[in-house]
Amino acid sequence: MRGQSATFRKYSWPILIVSIALTAGLVVDLAFVDTPSFHTDLADFAPESDSADAHDRINEQFTEETRPLFVHVTRDDGGNVLDIDSLILMNTHLSTVEDKSASMGDLVENWITGPSILQIALDEEANGTQLSDIASWEEMLNLVIDVNESDCPGDVSKQREVAQFILDGMLNKDFDGSEICLWIETNGENGSASVSASSTLWILEIDPSLSTEERKIKEDKLRDLFHELSENSELNYGVASLDLISHDIDEGTFDNLATLILLAVLVVVVLLAISFRSVRGVVFPLVGLSFALIWTYGLLNLSGARFTALEVAVAPLVLGLGIDYSIHLQRRYNAFRAELEDSAESWLASCARLSTPLGLAVITTVAAFLANIMSPLPPLETFGIALAVGVISAFINATVVVGALHVVLDSSGKTVPADPIRMPRFSKKLVEFQRSQQAIVFIIALIISGASIFGAMGLETEFDLTDFLDEEMEIMEVREDLDSSYESAGWKLIYVLMEPDNSMSEIDSDFVLLNEMRGLHNDLANNHDVVGGGGSDASPSYEGPYKVLYDAVDNDVMFGEEFGLVITGGDLRRGVASQFDMGAALQNLSENDSIADPFTGDSWSDRIDNTVNLDEDKIIHIRIEVRVDASTSSETSKVVEWFEEELGGTDDNGKMRSELSGVANIYVTGDLVALQNVLDGLNSSQLSSTAISFIVSFIVLLLLTRRAVPALVVLTPVVLATLWVVGSMVILSLKWNVLTVMVTALSLGIGIDYSIHMWRRFEAERSRRDDVWEALEETISTTGVALVLSAGTTALGFLVLLFSPMPVVQQFGLVTALTVTFSLILSIIVLPVLLMMAENTSGSRE
């Protein structure tokens with residue numbers, strides 16, 4: 001390569017011009033032409049799956065899924081939000097919000113709020129008396145119920161269900177209405193009609209036909225209105241939804257990225273100044289790293305990549321890895337410049353000397369990142385590609401562009417750069433320790449690794465969009481209030497979908513279908529994770545054909561007799577077999593526009609449209625919508641597993657899928673299932689990326705050493721570093737998440753770099769000296785010290801991620817810094833011991 005110095009000198013200016021032009025063009029595209037935006041939704045992370053395909057296919061036959069927005073209402077003084085004055089004020093605010101919703105094209109489709117429920121009761125029972133005219137709870141109850149004929153709390157199925165839903169999902173756990181029944185039963189002579197609670201929850205169902213971006217923007221405007229109402233009244237409104245969580249993530253991502261880049265650059269400048277103590281030693285690598293960042297984001301943007309919050313971590317990682325290449329090349333260049341007059345020759349000599357370790361390090365690191373192409377999660381795939389592009393860009397700039405800068409701007413003649421840091425005392429003492437304590441070093445490394453393996457067995461995987469939000473943000477505080485204030489707040493939806501078997505044109509087995517849906521209803525009632533569930537007499541909050549038919553028969557016995565349906569023992573069953581026709585019953589209800597659900601105002605036809613797709617009296621598709629309470633990844637897994645076990649497989653006798661085999665295909669879908677698919681995708685991504693990284697690393701080392709034993713010796717510290725990182729996660733109480741799943745592959749990519757550097761230098765020094773311990777001491781004092789400096793800069797670059805407000809990014813920064821630290825420790829302490837043990841073994845054999 002030194003013989004090509006004239007050619008490199010000739011093309012240095014063109015290299016710089018082309019690089020600057022490319023960089024400038026990408027900057028213009030990023031800043032002015034096609035400025036990237038960030039999109040971090042659950043749908044972005046959800047992988048393709050059979051259930052997702054079925055969800056899209058079957059839901060085309062139904063109205064869009066509801067998108068709830070939760071409003072947590074409290075008083076500024078912490079008092080009772082259910083006193084009449086507070087409810088009247090709420091009702092006034094509700095009118096203001098309704099007007100705002102109307103101005104945005106009827107953003108809210110359904111209003112489930114305390115004031116609206118009370119007003120519906122007054123409209124039906126008190127000739128439309130306005131809530132604002134009510135002076136007390138006694139007056140309210142006297143207007144809407146007949147205390148002489150009313151049961152408490154009521155014996156109609158729909159009444160019990162609504163009451164349970166309100167108690168669990170709309171009233172604070174401290175709700176006190178213990179004396180209402182006594183007041184009703186004694187005709188107002190005893191007890192009290194008043195109720196109290198420190199908070200209540202509004203559930204606003206947003207128009208699901210809007211695009212995700214439209215919902216985000218309009219919900220944010222609605223949140224602004226609630227802020228204004230809070231500031232100007234004694235009530236406080238906290239607002240939260242999945243769409244607002246995504247909105248807040250996207251809004252804060254760009255500022256977060258800019259802050260992290262600035263901090264990472266400052267760290268790089270300081271560390272380069274310490275390492276080289278010269279202006280050019282700082283400026284030239286910094287230019288190359290800056291170009292690499294611009295190329296990375298610019299090329300991704302040109303390719304049409306969809307950016308998510310994960311891309312925040314790309315810049316510090318590229319800077320952290322790129323600075324490693326710069327330090328090694330700059331140190332070697334300074335050494336050659338003391339001997340050679342020509343800067344081009346010195347630079348090419350440096351590249352030649354480091355070509356093997358740097359080239360192989362780049363190959364293994366890029367392979368580790370590109371392994372994420374195998375991930376079923378699109379954002380992880382994009383993140384892996386971004387990091388691979390970043391590493392390649394950093395390598396090209398560190399070798400070609402920075403070299404051209406040296407050729408163009410460095411003066412001719414030999415130079416005397418600042419003496420490189422060597423740390424001779426440290427090197428000598430370390431070698432003495434390794435020489436006297438070889439067995440102890442090796443045993444300690446194995447013990448730590450064994451403990452790490454044991455601890456790793458208990459590591460859990462988690463994923464939640466809130467991992468990308470600062471815990472002190474308003475929406476996070478609201479979400480925490482929801483979790484602590486209500487039995488079932490912030491619930492999520494699971495769908496059980498049915499379509500005809502491939503051999504069928506309809507779901508045609510009414511008796512079996514009714515039995516199976518009744519069994520599912522009873523199991524939902526006994527499931528504590530279902531809103532309103534938890535007992536045999538519970539009223540689970542869900543919507544489906546069984547529930548609609550039950551309510552219809554409960555409301556009108558004659559309807560049941562007409563279609564052979566009866567309620568016995570609290571269950572809906574087939575009555576007279578000759579009259580039994582579930583399809584005809586559903587068709588009849590689909591033509592009934594009377595109110596079926598006073599809670600939401602839905603008619604019977606609305607409820608049928610939401611649950612059954614009919615072709616006259618033939619059942620084509622069924623949708624059962626279940627509200628479940630699951631706020632953590634472990635709870636999500638538990639709920640989804642329960643539904644899958646409940647439905648069973650086609651070979652599980654007595655289970656729904658088995659009983660309806662050949663009649664209907666049944667799927668479990670919804671956001672919660674998509675979340676579980678993300679968790680499964682994270683686990684598979686980690687396994688595949690780690691396996692690919694290990695295989696590539698071993699092949700690279702095998703090609704380099706041409707022998708299996710030396711390849712395994714060099715690879716061993718890398719594998720141990722990976723285990724140590726996992727063990728440290730256990731100690732730090734961290735879990736696998738969308739970023740930390742990459743650390744095992746990253747450990748292999750980074751660790752192999754350090755091991756190759758140490759091994760190659762040791763081999764070179766070994767060939768020059770008879771004493772292997774002198775060779776080791778020289779290796780540590782040169783390459784070992786260079787690794788300490790580069791690892792320090794890389795680790796500090798990764799630690800910049802701790803300044804991110806996103807918990808998931810903070811954890812990734814900490815774990816990757818530990819990855820670098822462990823890789824360094826094992827490469828300069830354990831690897832030399834292994835090399836000496838291998839040397840002694842080969843020597844004894846000879």
# chains A, B, ... in the order shown; residues from 1 in each chain; ligands from 1
call {"tool": "select_by_dssp", "arguments": {"residues": "region 197-308 of chain A", "states": "strand (DSSP E or B)", "output": "PyMOL selection string"}}
result
chain A and resi 199-206+235-240+307
call {"tool": "select_by_dssp", "arguments": {"residues": "region 357-510 of chain A", "states": "alpha helix (DSSP H)", "output": "PyMOL selection string"}}
result
chain A and resi 357-370+378-396+402-409+424-436+438-456+474-485+510
call {"tool": "closest_residue", "arguments": {"among": "A:Val738, A:Asn91, A:Asp554, A:Ser541", "to": "Phe383 (chain A)", "atoms": "only C-alpha atoms"}}
result
A:Val738
call {"tool": "residues_around", "arguments": {"residues": "Ser51 (chain A)", "least_positions_apart": "2", "cutoff": "10 Å", "atoms": "only C-alpha atoms", "output": "PyMOL selection string"}}
result
chain A and resi 48-49+53-57+497+666-670+673-674+677
call {"tool": "residues_around", "arguments": {"residues": "Leu26 (chain A)", "least_positions_apart": "3", "cutoff": "12 Å", "atoms": "only C-alpha atoms", "output": "JSON, numbers by chain"}}
result
{"A": [19, 20, 21, 22, 23, 29, 30, 31, 32, 33, 34, 35, 36, 291, 292, 293, 294, 295, 296, 297, 298, 299, 300, 301, 302, 303]}
call {"tool": "decode", "arguments": {"residues": "region 820-832 of chain A", "atoms": "N, CA and C atoms", "output": "PDB file, in the first residue's frame"}}
result
ATOM      1  N   VAL A 820     -18.566  -2.624  26.294  1.00  0.00           N
ATOM      2  CA  VAL A 820     -17.219  -2.172  25.927  1.00  0.00           C
ATOM      3  C   VAL A 820     -16.239  -2.439  27.072  1.00  0.00           C
ATOM      4  N   THR A 821     -16.666  -2.135  28.277  1.00  0.00           N
ATOM      5  CA  THR A 821     -15.791  -2.312  29.447  1.00  0.00           C
ATOM      6  C   THR A 821     -15.400  -3.770  29.635  1.00  0.00           C
ATOM      7  N   PHE A 822     -16.387  -4.657  29.570  1.00  0.00           N
ATOM      8  CA  PHE A 822     -16.085  -6.081  29.744  1.00  0.00           C
ATOM      9  C   PHE A 822     -15.221  -6.616  28.599  1.00  0.00           C
ATOM     10  N   SER A 823     -15.505  -6.149  27.382  1.00  0.00           N
ATOM     11  CA  SER A 823     -14.702  -6.591  26.236  1.00  0.00           C
ATOM     12  C   SER A 823     -13.251  -6.158  26.410  1.00  0.00           C
ATOM     13  N   LEU A 824     -13.037  -4.947  26.925  1.00  0.00           N
ATOM     14  CA  LEU A 824     -11.687  -4.451  27.162  1.00  0.00           C
ATOM     15  C   LEU A 824     -10.987  -5.276  28.244  1.00  0.00           C
ATOM     16  N   ILE A 825     -11.661  -5.472  29.367  1.00  0.00           N
ATOM     17  CA  ILE A 825     -11.064  -6.214  30.486  1.00  0.00           C
ATOM     18  C   ILE A 825     -10.652  -7.613  30.047  1.00  0.00           C
ATOM     19  N   LEU A 826     -11.543  -8.280  29.350  1.00  0.00           N
ATOM     20  CA  LEU A 826     -11.265  -9.655  28.951  1.00  0.00           C
ATOM     21  C   LEU A 826     -10.193  -9.735  27.867  1.00  0.00           C
ATOM     22  N   SER A 827     -10.113  -8.714  27.012  1.00  0.00           N
ATOM     23  CA  SER A 827      -9.116  -8.764  25.931  1.00  0.00           C
ATOM     24  C   SER A 827      -7.702  -8.477  26.440  1.00  0.00           C
ATOM     25  N   ILE A 828      -7.556  -7.633  27.476  1.00  0.00           N
ATOM     26  CA  ILE A 828      -6.200  -7.306  27.937  1.00  0.00           C
ATOM     27  C   ILE A 828      -5.799  -8.086  29.193  1.00  0.00           C
ATOM     28  N   ILE A 829      -6.752  -8.739  29.839  1.00  0.00           N
ATOM     29  CA  ILE A 829      -6.424  -9.514  31.044  1.00  0.00           C
ATOM     30  C   ILE A 829      -6.587 -11.017  30.804  1.00  0.00           C
ATOM     31  N   VAL A 830      -7.739 -11.427  30.306  1.00  0.00           N
ATOM     32  CA  VAL A 830      -8.002 -12.860  30.150  1.00  0.00           C
ATOM     33  C   VAL A 830      -7.405 -13.412  28.865  1.00  0.00           C
ATOM     34  N   LEU A 831      -7.539 -12.689  27.750  1.00  0.00           N
ATOM     35  CA  LEU A 831      -7.005 -13.188  26.486  1.00  0.00           C
ATOM     36  C   LEU A 831      -5.501 -13.483  26.553  1.00  0.00           C
ATOM     37  N   PRO A 832      -4.670 -12.577  27.115  1.00  0.00           N
ATOM     38  CA  PRO A 832      -3.245 -12.914  27.220  1.00  0.00           C
ATOM     39  C   PRO A 832      -2.991 -14.199  28.009  1.00  0.00           C
TER      40      PRO A 832
END
